[in-house]
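Shown here: run-v1.cif, mmCIF, C-alpha atoms and all ligand atoms; chains and numbers go by the auth columns.
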```cif
data_run
loop_
_atom_site.group_PDB
_atom_site.id
_atom_site.type_symbol
_atom_site.label_atom_id
_atom_site.label_comp_id
_atom_site.label_asym_id
_atom_site.label_seq_id
_atom_site.Cartn_x
_atom_site.Cartn_y
_atom_site.Cartn_z
_atom_site.B_iso_or_equiv
_atom_site.auth_seq_id
_atom_site.auth_asym_id
ATOM 1 C CA MET A 1 105.413 17.229 -127.010 0.00 1 S
ATOM 2 C CA SER A 2 109.034 16.766 -126.055 0.00 2 S
ATOM 3 C CA THR A 3 110.115 14.642 -123.153 0.00 3 S
ATOM 4 C CA LYS A 4 112.778 15.801 -120.745 0.00 4 S
ATOM 5 C CA LYS A 5 115.642 13.635 -119.670 0.00 5 S
ATOM 6 C CA VAL A 6 118.103 14.060 -116.791 0.00 6 S
ATOM 7 C CA VAL A 7 121.776 13.634 -117.639 0.00 7 S
ATOM 8 C CA VAL A 8 124.800 13.611 -115.321 0.00 8 S
ATOM 9 C CA ASN A 9 128.098 14.578 -116.922 0.00 9 S
ATOM 10 C CA GLN A 10 130.509 11.924 -115.660 0.00 10 S
ATOM 11 C CA ASP A 11 133.556 14.042 -116.475 0.00 11 S
ATOM 12 C CA THR A 12 132.330 17.012 -114.450 0.00 12 S
ATOM 13 C CA CYS A 13 130.741 15.278 -111.439 0.00 13 S
ATOM 14 C CA ILE A 14 132.953 15.329 -108.350 0.00 14 S
ATOM 15 C CA GLY A 15 130.847 12.813 -106.413 0.00 15 S
ATOM 16 C CA CYS A 16 129.868 15.263 -103.679 0.00 16 S
ATOM 17 C CA ASN A 17 126.638 13.336 -103.020 0.00 17 S
ATOM 18 C CA THR A 18 124.435 16.454 -102.952 0.00 18 S
ATOM 19 C CA CYS A 19 122.022 15.429 -105.711 0.00 19 S
ATOM 20 C CA THR A 20 121.546 11.963 -104.248 0.00 20 S
ATOM 21 C CA LEU A 21 120.533 13.482 -100.907 0.00 21 S
ATOM 22 C CA ILE A 22 118.206 16.066 -102.456 0.00 22 S
ATOM 23 C CA ASP A 23 116.509 13.677 -104.896 0.00 23 S
ATOM 24 C CA PRO A 24 117.302 10.058 -104.004 0.00 24 S
ATOM 25 C CA ASP A 25 114.498 8.815 -106.259 0.00 25 S
ATOM 26 C CA THR A 26 116.330 10.127 -109.309 0.00 26 S
ATOM 27 C CA PHE A 27 120.032 10.020 -108.450 0.00 27 S
ATOM 28 C CA GLU A 28 122.374 7.463 -106.942 0.00 28 S
ATOM 29 C CA LEU A 29 126.112 7.316 -106.437 0.00 29 S
ATOM 30 C CA ASN A 30 127.890 4.736 -108.557 0.00 30 S
ATOM 31 C CA GLN A 31 129.774 2.589 -106.075 0.00 31 S
ATOM 32 C CA THR A 32 132.644 1.979 -108.470 0.00 32 S
ATOM 33 C CA THR A 33 133.251 5.428 -109.901 0.00 33 S
ATOM 34 C CA PHE A 34 131.796 7.380 -106.913 0.00 34 S
ATOM 35 C CA LYS A 35 130.044 9.670 -109.331 0.00 35 S
ATOM 36 C CA ALA A 36 126.339 10.321 -109.529 0.00 36 S
ATOM 37 C CA GLN A 37 124.194 8.588 -112.091 0.00 37 S
ATOM 38 C CA VAL A 38 120.522 8.589 -112.909 0.00 38 S
ATOM 39 C CA LYS A 39 118.809 5.847 -110.966 0.00 39 S
ATOM 40 C CA LYS A 40 115.408 6.386 -112.548 0.00 40 S
ATOM 41 C CA GLN A 41 114.302 8.983 -115.050 0.00 41 S
ATOM 42 C CA PRO A 42 111.519 11.052 -113.462 0.00 42 S
ATOM 43 C CA GLU A 43 108.233 11.157 -115.376 0.00 43 S
ATOM 44 C CA THR A 44 108.201 14.915 -115.010 0.00 44 S
ATOM 45 C CA ILE A 45 110.906 17.227 -113.694 0.00 45 S
ATOM 46 C CA GLY A 46 109.721 17.940 -110.156 0.00 46 S
ATOM 47 C CA GLN A 47 110.966 20.372 -107.556 0.00 47 S
ATOM 48 C CA ALA A 48 113.451 17.921 -106.015 0.00 48 S
ATOM 49 C CA THR A 49 115.075 17.201 -109.352 0.00 49 S
ATOM 50 C CA GLN A 50 115.239 20.883 -110.232 0.00 50 S
ATOM 51 C CA SER A 51 116.788 21.621 -106.800 0.00 51 S
ATOM 52 C CA ALA A 52 119.416 18.959 -107.396 0.00 52 S
ATOM 53 C CA VAL A 53 120.291 20.607 -110.717 0.00 53 S
ATOM 54 C CA ASP A 54 120.495 24.027 -109.049 0.00 54 S
ATOM 55 C CA CYS A 55 122.537 22.764 -106.071 0.00 55 S
ATOM 56 C CA CYS A 56 125.163 20.780 -107.976 0.00 56 S
ATOM 57 C CA PRO A 57 128.368 22.719 -107.226 0.00 57 S
ATOM 58 C CA VAL A 58 129.917 21.988 -110.607 0.00 58 S
ATOM 59 C CA GLY A 59 126.827 22.164 -112.824 0.00 59 S
ATOM 60 C CA ALA A 60 127.146 18.531 -113.852 0.00 60 S
ATOM 61 C CA ILE A 61 123.415 17.847 -114.131 0.00 61 S
ATOM 62 C CA SER A 62 121.470 18.856 -117.207 0.00 62 S
ATOM 63 C CA ILE A 63 117.877 18.486 -118.250 0.00 63 S
ATOM 64 C CA VAL A 64 117.743 17.876 -121.966 0.00 64 S
ATOM 65 C CA ASP A 65 115.043 17.261 -124.545 0.00 65 S
ATOM 66 C CA GLU A 66 114.931 13.597 -125.376 0.00 66 S
HETATM 67 S S1 LIG B . 125.577 17.216 -107.010 0.00 1 N
HETATM 68 FE FE1 LIG B . 126.751 17.302 -108.943 0.00 1 N
HETATM 69 S S2 LIG B . 128.885 16.915 -108.366 0.00 1 N
HETATM 70 FE FE2 LIG B . 127.620 16.298 -106.649 0.00 1 N
HETATM 71 S S3 LIG B . 127.291 14.101 -106.961 0.00 1 N
HETATM 72 FE FE3 LIG B . 125.555 15.167 -107.910 0.00 1 N
HETATM 73 S S4 LIG B . 126.147 15.450 -110.075 0.00 1 N
HETATM 74 FE FE4 LIG B . 127.999 14.957 -108.914 0.00 1 N
#
```
Rewrite the structure of this file - the entire thing - as structure tokens.
Amino acid sequence: MSTKKVVVNQDTCIGCNTCTLIDPDTFELNQTTFKAQVKKQPETIGQATQSAVDCCPVGAISIVDE
């Protein structure tokens, strides 16, 4: 069974803060770069995480096989 991992592309992220509001358990804004980063990998990809992926205006969040 493959495990899924959430990845934020630091080059693409524009720091709009959307993902951190939708799923604050998974995402946080880096206070130095003002870009989103993964705060904690979710055990399973839940609705909030999937919504954050769908709502990112620049498609910077991916869910990849680990
Ligand atoms: S929603 Fe996308 S662009 Fe906005 S902070 Fe999150 S990863 Fe960055």
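Our summary of the geometry notes that CA of Ile22 in chain S is positioned 7.7 Å from CA of Thr49 in chain S.
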Output of the PyMOL selection byres (((chain S and resi 51) around 12) and not hetatm), listed as a ChimeraX atom specification: /S:18-24,26,45-50,52-57,59,61-63
Suppose you want the space between CA of Ala36 in chain S and CA of Gly15 in chain S; what is it in Å?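 Result for CA of Ala36 in chain S versus CA of Gly15 in chain S: 6.0 Å, one decimal.
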Kindly resolve the PyMOL selection byres (((chain S and resi 43) around 10) and not hetatm) on the present coordinates and return the residues as a VMD selection string. chain S and resid 3 to 5 40 to 42 44 to 46
Hey, what's within 8 Å of Thr12 in chain S if we count all atoms listed in the file and toss same-chain stuff fewer than 3 positions away? As a list in words, please? Asn9, Val58, Gly59 and Ala60 of chain S
Just give me the gap between CA of Lys39 in chain S and CA of Ile14 in chain S in Å, one decimal is fine. 17.2 Å
Starting from 5 Å padding per side, set up an axis-aligned box that covers all listed atoms of range 10-15 of chain S and hand over centre and edge lengths in Å, one decimal, as AutoDock Vina command-line options.
```
--center_x 132.0 --center_y 14.5 --center_z -111.4 --size_x 13.0 --size_y 15.1 --size_z 20.1
```
In terms of the shortest atom-to-atom distance over all atoms listed in the file, which of S:Cys13, S:Val7, S:Val64, S:Val38 is closest to ligand LIG 1 (chain N)?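 With all atoms listed in the file as the atom set, the closest residue is S:Cys13.
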Of S:Asn17, S:Asp65, S:Val6, S:Phe27, the one nearest to ligand LIG 1 (chain N) when counting all atoms listed in the file is S:Asn17
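The smallest atom-to-atom distance between ligand LIG 1 (chain N) and any of S:Gln37, S:Cys16, S:Glu28, S:Glu66, using all atoms listed in the file, is found for S:Cys16.
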Could all heavy atoms be built for range 16-27 of chain S and written out as a PDB file, keeping the file's coordinate frame?
```
ATOM      1  N   CYS S  16     130.081  14.607-104.979  1.00  0.00           N
ATOM      2  CA  CYS S  16     129.868  15.263-103.679  1.00  0.00           C
ATOM      3  C   CYS S  16     128.648  14.741-102.947  1.00  0.00           C
ATOM      4  O   CYS S  16     128.452  15.032-101.782  1.00  0.00           O
ATOM      5  CB  CYS S  16     129.754  16.772-103.870  1.00  0.00           C
ATOM      6  SG  CYS S  16     128.204  17.248-104.646  1.00  0.00           S
ATOM      7  N   ASN S  17     127.800  13.987-103.637  1.00  0.00           N
ATOM      8  CA  ASN S  17     126.638  13.336-103.020  1.00  0.00           C
ATOM      9  C   ASN S  17     125.443  14.261-102.788  1.00  0.00           C
ATOM     10  O   ASN S  17     124.473  13.846-102.178  1.00  0.00           O
ATOM     11  CB  ASN S  17     127.054  12.686-101.692  1.00  0.00           C
ATOM     12  CG  ASN S  17     126.424  11.321-101.506  1.00  0.00           C
ATOM     13  OD1 ASN S  17     125.890  10.752-102.446  1.00  0.00           O
ATOM     14  ND2 ASN S  17     126.480  10.807-100.301  1.00  0.00           N
ATOM     15  N   THR S  18     125.524  15.507-103.214  1.00  0.00           N
ATOM     16  CA  THR S  18     124.435  16.454-102.952  1.00  0.00           C
ATOM     17  C   THR S  18     123.148  16.035-103.663  1.00  0.00           C
ATOM     18  O   THR S  18     122.079  15.974-103.053  1.00  0.00           O
ATOM     19  CB  THR S  18     124.844  17.868-103.405  1.00  0.00           C
ATOM     20  OG1 THR S  18     126.018  18.239-102.697  1.00  0.00           O
ATOM     21  CG2 THR S  18     123.744  18.878-103.138  1.00  0.00           C
ATOM     22  N   CYS S  19     123.239  15.742-104.945  1.00  0.00           N
ATOM     23  CA  CYS S  19     122.022  15.429-105.711  1.00  0.00           C
ATOM     24  C   CYS S  19     121.345  14.173-105.186  1.00  0.00           C
ATOM     25  O   CYS S  19     120.118  14.087-105.171  1.00  0.00           O
ATOM     26  CB  CYS S  19     122.349  15.293-107.196  1.00  0.00           C
ATOM     27  SG  CYS S  19     123.563  14.019-107.564  1.00  0.00           S
ATOM     28  N   THR S  20     122.129  13.219-104.728  1.00  0.00           N
ATOM     29  CA  THR S  20     121.546  11.963-104.248  1.00  0.00           C
ATOM     30  C   THR S  20     120.807  12.165-102.925  1.00  0.00           C
ATOM     31  O   THR S  20     119.884  11.424-102.618  1.00  0.00           O
ATOM     32  CB  THR S  20     122.636  10.890-104.067  1.00  0.00           C
ATOM     33  OG1 THR S  20     123.612  11.388-103.153  1.00  0.00           O
ATOM     34  CG2 THR S  20     123.328  10.585-105.381  1.00  0.00           C
ATOM     35  N   LEU S  21     121.231  13.170-102.158  1.00  0.00           N
ATOM     36  CA  LEU S  21     120.533  13.482-100.907  1.00  0.00           C
ATOM     37  C   LEU S  21     119.275  14.296-101.185  1.00  0.00           C
ATOM     38  O   LEU S  21     118.244  14.104-100.547  1.00  0.00           O
ATOM     39  CB  LEU S  21     121.462  14.258 -99.956  1.00  0.00           C
ATOM     40  CG  LEU S  21     122.635  13.453 -99.397  1.00  0.00           C
ATOM     41  CD1 LEU S  21     123.585  14.351 -98.617  1.00  0.00           C
ATOM     42  CD2 LEU S  21     122.143  12.323 -98.507  1.00  0.00           C
ATOM     43  N   ILE S  22     119.356  15.210-102.148  1.00  0.00           N
ATOM     44  CA  ILE S  22     118.206  16.066-102.456  1.00  0.00           C
ATOM     45  C   ILE S  22     117.112  15.277-103.182  1.00  0.00           C
ATOM     46  O   ILE S  22     115.936  15.431-102.897  1.00  0.00           O
ATOM     47  CB  ILE S  22     118.644  17.270-103.318  1.00  0.00           C
ATOM     48  CG1 ILE S  22     119.548  18.190-102.505  1.00  0.00           C
ATOM     49  CG2 ILE S  22     117.428  18.043-103.838  1.00  0.00           C
ATOM     50  CD1 ILE S  22     120.126  19.354-103.298  1.00  0.00           C
ATOM     51  N   ASP S  23     117.501  14.421-104.101  1.00  0.00           N
ATOM     52  CA  ASP S  23     116.509  13.677-104.896  1.00  0.00           C
ATOM     53  C   ASP S  23     116.954  12.223-105.056  1.00  0.00           C
ATOM     54  O   ASP S  23     117.385  11.794-106.130  1.00  0.00           O
ATOM     55  CB  ASP S  23     116.349  14.349-106.270  1.00  0.00           C
ATOM     56  CG  ASP S  23     115.222  13.720-107.071  1.00  0.00           C
ATOM     57  OD1 ASP S  23     114.548  12.808-106.550  1.00  0.00           O
ATOM     58  OD2 ASP S  23     115.020  14.150-108.223  1.00  0.00           O
ATOM     59  N   PRO S  24     116.846  11.455-103.964  1.00  0.00           N
ATOM     60  CA  PRO S  24     117.302  10.058-104.004  1.00  0.00           C
ATOM     61  C   PRO S  24     116.485   9.166-104.926  1.00  0.00           C
ATOM     62  O   PRO S  24     116.936   8.076-105.273  1.00  0.00           O
ATOM     63  CB  PRO S  24     117.173   9.600-102.536  1.00  0.00           C
ATOM     64  CG  PRO S  24     116.239  10.565-101.901  1.00  0.00           C
ATOM     65  CD  PRO S  24     116.340  11.855-102.646  1.00  0.00           C
ATOM     66  N   ASP S  25     115.287   9.626-105.322  1.00  0.00           N
ATOM     67  CA  ASP S  25     114.498   8.815-106.259  1.00  0.00           C
ATOM     68  C   ASP S  25     115.100   8.855-107.662  1.00  0.00           C
ATOM     69  O   ASP S  25     114.940   7.928-108.449  1.00  0.00           O
ATOM     70  CB  ASP S  25     113.059   9.333-106.338  1.00  0.00           C
ATOM     71  CG  ASP S  25     112.307   9.098-105.046  1.00  0.00           C
ATOM     72  OD1 ASP S  25     112.703   8.184-104.291  1.00  0.00           O
ATOM     73  OD2 ASP S  25     111.339   9.831-104.784  1.00  0.00           O
ATOM     74  N   THR S  26     115.804   9.945-107.950  1.00  0.00           N
ATOM     75  CA  THR S  26     116.330  10.127-109.309  1.00  0.00           C
ATOM     76  C   THR S  26     117.816   9.809-109.413  1.00  0.00           C
ATOM     77  O   THR S  26     118.270   9.267-110.412  1.00  0.00           O
ATOM     78  CB  THR S  26     116.080  11.581-109.767  1.00  0.00           C
ATOM     79  OG1 THR S  26     114.682  11.856-109.669  1.00  0.00           O
ATOM     80  CG2 THR S  26     116.547  11.809-111.200  1.00  0.00           C
ATOM     81  N   PHE S  27     118.576  10.154-108.359  1.00  0.00           N
ATOM     82  CA  PHE S  27     120.032  10.020-108.450  1.00  0.00           C
ATOM     83  C   PHE S  27     120.571   8.999-107.456  1.00  0.00           C
ATOM     84  O   PHE S  27     120.044   8.834-106.359  1.00  0.00           O
ATOM     85  CB  PHE S  27     120.702  11.370-108.154  1.00  0.00           C
ATOM     86  CG  PHE S  27     120.282  12.472-109.092  1.00  0.00           C
ATOM     87  CD1 PHE S  27     119.291  13.372-108.730  1.00  0.00           C
ATOM     88  CD2 PHE S  27     120.861  12.592-110.350  1.00  0.00           C
ATOM     89  CE1 PHE S  27     118.889  14.386-109.593  1.00  0.00           C
ATOM     90  CE2 PHE S  27     120.467  13.596-111.221  1.00  0.00           C
ATOM     91  CZ  PHE S  27     119.476  14.501-110.843  1.00  0.00           C
TER      92      PHE S  27
END
```
